[in-house]
Amino acid sequence: MRVVVMGAGVVGVTTAWYLARQGAEVIVLDRQQGPGLETSYANAGELSYGMTSPWAAPGIPMKAVKWLFMKRRPLFIWPLISPTMWVWGARMLANCNAESYRLNKSRMVRISNYSRDVLPDLIAETGIDYDGRERGTLQLFRTEKQLKGSKADQEVLAEFDSPFELLDRDGCIAAEPALARVRDKFVGGLRLTADRTGDCRKFTMALAEKAAELGVIFHYGQTIRAIAIENGRVAGIDTDPIGRVTGDAYVCALGSYGPRVLNPIGIRLPVYPVKGYSVTLPVIDDAGAPQSTVMDETHKVAITRLGDRIRVAGQAEIAGYSGRLGPHATDTVRYVVNDLFPDGGDLTRAEGWTGLRPMTPDGTPVLGPTDYPNLFLNTGHGTLGWTMSAGSGRLVADLVLGRSPEIPIDGLTAARYRGRKT
């Protein structure tokens, strides 16, 4: 079987690798000049199995209003004249209730835990290096109110078998010794022991090389103009400059840009770009740097150790498809790393980045079949594309090749937006 995968981010490359590993002939199309050059390029570096939760949760609307007035706010909303943006926002608000949250989280955890379980086998088989560590995530609380409020999170973690430790100030310092230098700035934390870290771009590049060794053909610098439909099936992908690329089956793994090619053929997914920012800086004092990931609960900023670098990522900006990196766009993430790890890295050499996360209003990715029998989806992972990539790639590859997936797909497909079970 010949399969055409649209997108060479971590999700597309992982899908291509699993397809090729099972004997498929695979072609990957991407507009960039190499793999992992958009949302996969400089994300937080977290494999956030313990923090897999939808943004749409009870209490979020009130929190969002407060965030908008913070000096170093985690949320920006630009009031664009965009029906798509406002409809997406309304659908997200409709999911901010206890019943929807529990259902959506259960779906997300299903794919996240599956990814957690299959990634070690992929790493063992390929032997790729991606600055990976297995030291968990420390969710750091600056106030007693945050610490007490984490009880609800602990109950959910326990329900979904996500291991954790509730730590006092000394426990946090034991997990992240550099925090001893700023011990007066926090009161405790929640450590998610199953979480891992790693450089998503480095992983994507290395896996693309392994996929190429299996025969996967990568066509970079290709702008996808349209998905061609004939007789109720996809007949090919029209690209510029090489023209139409054909196959037996097709996978759309274009992240935030998926709707631009799917809408014209009648597949209307509520996937909207939510912009995030990061800086990457070199470590100058190992003892003063984080050893894994520290998540500042107040500012919603993640600080992650990636080899000899520190990646600091966060913020959510709802501003359409803007890729602009303004002069003060990374001020919040710079402030947080300097506040908690002032001696660890060199901020004067920090490299800024921005990317678009493909968010669904319910938080769950959109995987699997469509109304076209030879077109499949692997998109809508939001901030968890790196976390869910191995599991969703393997799941979609199995579906494309007609194999029974190892986990149920109900609630993960596009059918949930049309009121159907799967």
# chains A, B, ... in the order shown; residues from 1 in each chain; ligands from 1
call {"tool": "residues_around", "arguments": {"residues": "Thr280 of chain A", "least_positions_apart": "4", "cutoff": "10 Å", "atoms": "only C-alpha atoms", "output": "PyMOL selection string"}}
result
chain A and resi 42-44+303-306+309-313+334+345-347+349-353
call {"tool": "write_last_selection", "arguments": {"atoms": "C-alpha atoms", "output": "tab-separated table (two decimals), in the first residue's frame"}}
result
chain	number	residue	atom	x	y	z
A	42	ALA	CA	10.92	24.55	20.12
A	43	ASN	CA	8.02	23.42	22.29
A	44	ALA	CA	8.27	22.91	26.04
A	303	ILE	CA	11.08	25.22	32.40
A	304	THR	CA	12.72	22.10	30.98
A	305	ARG	CA	16.28	20.77	30.93
A	306	LEU	CA	17.34	19.56	27.48
A	309	ARG	CA	20.18	23.82	27.29
A	310	ILE	CA	17.13	25.13	29.14
A	311	ARG	CA	13.83	25.46	27.28
A	312	VAL	CA	11.26	27.85	28.77
A	313	ALA	CA	7.81	27.76	27.18
A	334	ARG	CA	12.17	35.11	30.43
A	345	GLY	CA	21.30	29.74	32.12
A	346	ASP	CA	22.50	32.72	30.13
A	347	LEU	CA	19.47	34.80	29.16
A	349	ARG	CA	22.04	34.22	24.62
A	350	ALA	CA	18.41	33.08	24.68
A	351	GLU	CA	16.80	32.26	21.33
A	352	GLY	CA	13.12	33.17	21.03
A	353	TRP	CA	10.51	31.17	19.11
call {"tool": "residues_around", "arguments": {"residues": "Gly189 of chain A", "least_positions_apart": "4", "cutoff": "6 Å", "atoms": "only C-alpha atoms", "output": "PyMOL selection string"}}
result
chain A and resi 139-141+167
call {"tool": "write_last_selection", "arguments": {"atoms": "N, CA and C atoms", "output": "compact mmCIF listing (two decimals), in the first residue's frame"}}
result
# COMPACT_ATOMS: atom_id res chain seq x y z
N GLN A 139 5.17 20.37 39.36
CA GLN A 139 4.24 21.48 39.27
C GLN A 139 4.43 22.32 40.53
N LEU A 140 4.96 23.53 40.38
CA LEU A 140 5.39 24.32 41.52
C LEU A 140 4.31 25.34 41.92
N PHE A 141 3.97 25.33 43.21
CA PHE A 141 2.94 26.21 43.74
C PHE A 141 3.58 27.35 44.53
N LEU A 167 4.48 17.28 47.47
CA LEU A 167 5.73 17.64 48.13
C LEU A 167 5.62 18.96 48.87
call {"tool": "residues_around", "arguments": {"residues": "segment 410-418 of chain A", "least_positions_apart": "3", "cutoff": "7 Å", "atoms": "only C-alpha atoms", "output": "JSON, numbers by chain"}}
result
{"A": [107, 364, 365, 366, 367, 368, 369, 370, 421, 422]}
call {"tool": "residues_around", "arguments": {"residues": "Ile237 of chain A", "least_positions_apart": "3", "cutoff": "6 Å", "atoms": "only C-alpha atoms", "output": "list in words"}}
result
Ile227, Ala228, Arg244 and Val245 of chain A
call {"tool": "write_last_selection", "arguments": {"atoms": "C-alpha atoms", "output": "mmCIF file, in the first residue's frame"}}
result
data_model
loop_
_atom_site.group_PDB
_atom_site.id
_atom_site.type_symbol
_atom_site.label_atom_id
_atom_site.label_comp_id
_atom_site.auth_asym_id
_atom_site.auth_seq_id
_atom_site.Cartn_x
_atom_site.Cartn_y
_atom_site.Cartn_z
ATOM 1 C CA ILE A 227 -6.899 17.559 -1.828
ATOM 2 C CA ALA A 228 -8.320 16.208 -5.067
ATOM 3 C CA ARG A 244 -0.155 15.872 -7.927
ATOM 4 C CA VAL A 245 1.078 13.173 -5.560
#
call {"tool": "residues_around", "arguments": {"residues": "Ala56 of chain A", "least_positions_apart": "3", "cutoff": "12 Å", "atoms": "only C-alpha atoms", "output": "JSON, numbers by chain"}}
result
{"A": [53, 59, 60, 61, 62, 63, 64, 88, 89, 90, 91, 92, 93, 94, 95, 96, 97, 98, 99, 100, 101, 102, 103, 104, 105, 359, 360, 361, 362, 363, 364, 382]}
call {"tool": "write_last_selection", "arguments": {"atoms": "N, CA and C atoms", "output": "mmCIF file, in the first residue's frame"}}
result
data_model
loop_
_atom_site.group_PDB
_atom_site.id
_atom_site.type_symbol
_atom_site.label_atom_id
_atom_site.label_comp_id
_atom_site.auth_asym_id
_atom_site.auth_seq_id
_atom_site.Cartn_x
_atom_site.Cartn_y
_atom_site.Cartn_z
ATOM 1 N N SER A 53 -4.632 16.954 30.268
ATOM 2 C CA SER A 53 -5.956 17.443 30.649
ATOM 3 C C SER A 53 -6.425 18.452 29.612
ATOM 4 N N GLY A 59 -14.330 26.229 36.070
ATOM 5 C CA GLY A 59 -13.591 27.330 36.677
ATOM 6 C C GLY A 59 -12.665 28.082 35.745
ATOM 7 N N ILE A 60 -12.396 27.530 34.573
ATOM 8 C CA ILE A 60 -11.463 28.178 33.650
ATOM 9 C C ILE A 60 -11.968 29.546 33.160
ATOM 10 N N PRO A 61 -13.258 29.712 32.849
ATOM 11 C CA PRO A 61 -13.688 31.045 32.395
ATOM 12 C C PRO A 61 -13.359 32.155 33.386
ATOM 13 N N MET A 62 -13.562 31.911 34.668
ATOM 14 C CA MET A 62 -13.240 32.931 35.663
ATOM 15 C C MET A 62 -11.738 33.134 35.769
ATOM 16 N N LYS A 63 -10.979 32.041 35.718
ATOM 17 C CA LYS A 63 -9.519 32.175 35.762
ATOM 18 C C LYS A 63 -9.011 32.954 34.556
ATOM 19 N N ALA A 64 -9.610 32.679 33.392
ATOM 20 C CA ALA A 64 -9.174 33.349 32.172
ATOM 21 C C ALA A 64 -9.358 34.858 32.279
ATOM 22 N N TRP A 88 -15.251 28.727 17.752
ATOM 23 C CA TRP A 88 -14.361 27.798 18.473
ATOM 24 C C TRP A 88 -14.352 28.136 19.965
ATOM 25 N N GLY A 89 -14.241 29.430 20.288
ATOM 26 C CA GLY A 89 -14.224 29.838 21.685
ATOM 27 C C GLY A 89 -15.518 29.485 22.409
ATOM 28 N N ALA A 90 -16.641 29.655 21.735
ATOM 29 C CA ALA A 90 -17.929 29.312 22.348
ATOM 30 C C ALA A 90 -18.027 27.816 22.612
ATOM 31 N N ARG A 91 -17.511 27.015 21.675
ATOM 32 C CA ARG A 91 -17.547 25.565 21.866
ATOM 33 C C ARG A 91 -16.630 25.145 23.011
ATOM 34 N N MET A 92 -15.516 25.846 23.152
ATOM 35 C CA MET A 92 -14.626 25.542 24.270
ATOM 36 C C MET A 92 -15.302 25.875 25.600
ATOM 37 N N LEU A 93 -15.950 27.035 25.666
ATOM 38 C CA LEU A 93 -16.656 27.404 26.893
ATOM 39 C C LEU A 93 -17.749 26.395 27.239
ATOM 40 N N ALA A 94 -18.387 25.842 26.220
ATOM 41 C CA ALA A 94 -19.440 24.850 26.448
ATOM 42 C C ALA A 94 -18.893 23.570 27.068
ATOM 43 N N ASN A 95 -17.584 23.353 26.949
ATOM 44 C CA ASN A 95 -16.956 22.169 27.541
ATOM 45 C C ASN A 95 -16.422 22.425 28.950
ATOM 46 N N CYS A 96 -16.594 23.651 29.452
ATOM 47 C CA CYS A 96 -16.059 23.995 30.767
ATOM 48 C C CYS A 96 -17.025 23.611 31.886
ATOM 49 N N ASN A 97 -17.344 22.356 31.962
ATOM 50 C CA ASN A 97 -18.192 21.838 33.027
ATOM 51 C C ASN A 97 -17.664 20.477 33.448
ATOM 52 N N ALA A 98 -18.078 20.027 34.619
ATOM 53 C CA ALA A 98 -17.502 18.818 35.214
ATOM 54 C C ALA A 98 -17.728 17.575 34.351
ATOM 55 N N GLU A 99 -18.924 17.440 33.801
ATOM 56 C CA GLU A 99 -19.240 16.244 33.010
ATOM 57 C C GLU A 99 -18.391 16.178 31.740
ATOM 58 N N SER A 100 -18.307 17.297 31.024
ATOM 59 C CA SER A 100 -17.517 17.317 29.792
ATOM 60 C C SER A 100 -16.037 17.137 30.091
ATOM 61 N N TYR A 101 -15.583 17.772 31.165
ATOM 62 C CA TYR A 101 -14.168 17.661 31.527
ATOM 63 C C TYR A 101 -13.775 16.213 31.776
ATOM 64 N N ARG A 102 -14.598 15.496 32.528
ATOM 65 C CA ARG A 102 -14.265 14.105 32.842
ATOM 66 C C ARG A 102 -14.269 13.235 31.589
ATOM 67 N N LEU A 103 -15.231 13.450 30.705
ATOM 68 C CA LEU A 103 -15.292 12.676 29.475
ATOM 69 C C LEU A 103 -14.096 12.993 28.572
ATOM 70 N N ASN A 104 -13.818 14.279 28.405
ATOM 71 C CA ASN A 104 -12.719 14.676 27.534
ATOM 72 C C ASN A 104 -11.371 14.218 28.073
ATOM 73 N N LYS A 105 -11.189 14.335 29.369
ATOM 74 C CA LYS A 105 -9.923 13.895 29.962
ATOM 75 C C LYS A 105 -9.742 12.388 29.789
ATOM 76 N N MET A 359 -5.494 23.370 18.445
ATOM 77 C CA MET A 359 -6.372 23.076 19.577
ATOM 78 C C MET A 359 -7.782 22.729 19.127
ATOM 79 N N THR A 360 -8.348 21.706 19.746
ATOM 80 C CA THR A 360 -9.770 21.436 19.609
ATOM 81 C C THR A 360 -10.487 22.008 20.828
ATOM 82 N N PRO A 361 -11.768 22.327 20.733
ATOM 83 C CA PRO A 361 -12.462 22.913 21.883
ATOM 84 C C PRO A 361 -12.631 21.953 23.050
ATOM 85 N N ASP A 362 -12.540 20.650 22.786
ATOM 86 C CA ASP A 362 -12.659 19.677 23.879
ATOM 87 C C ASP A 362 -11.305 19.122 24.317
ATOM 88 N N GLY A 363 -10.220 19.554 23.673
ATOM 89 C CA GLY A 363 -8.879 19.120 24.070
ATOM 90 C C GLY A 363 -8.408 17.829 23.456
ATOM 91 N N THR A 364 -9.330 17.005 22.991
ATOM 92 C CA THR A 364 -8.995 15.682 22.454
ATOM 93 C C THR A 364 -8.538 15.796 21.000
ATOM 94 N N GLY A 382 -3.241 19.989 20.229
ATOM 95 C CA GLY A 382 -3.031 21.131 21.104
ATOM 96 C C GLY A 382 -1.603 21.229 21.588
#
call {"tool": "residues_around", "arguments": {"residues": "segment 246-253 of chain A", "least_positions_apart": "3", "cutoff": "7 Å", "atoms": "only C-alpha atoms", "output": "ChimeraX atom specification"}}
result
/A:1-7,11-12,235-237,258,374-379
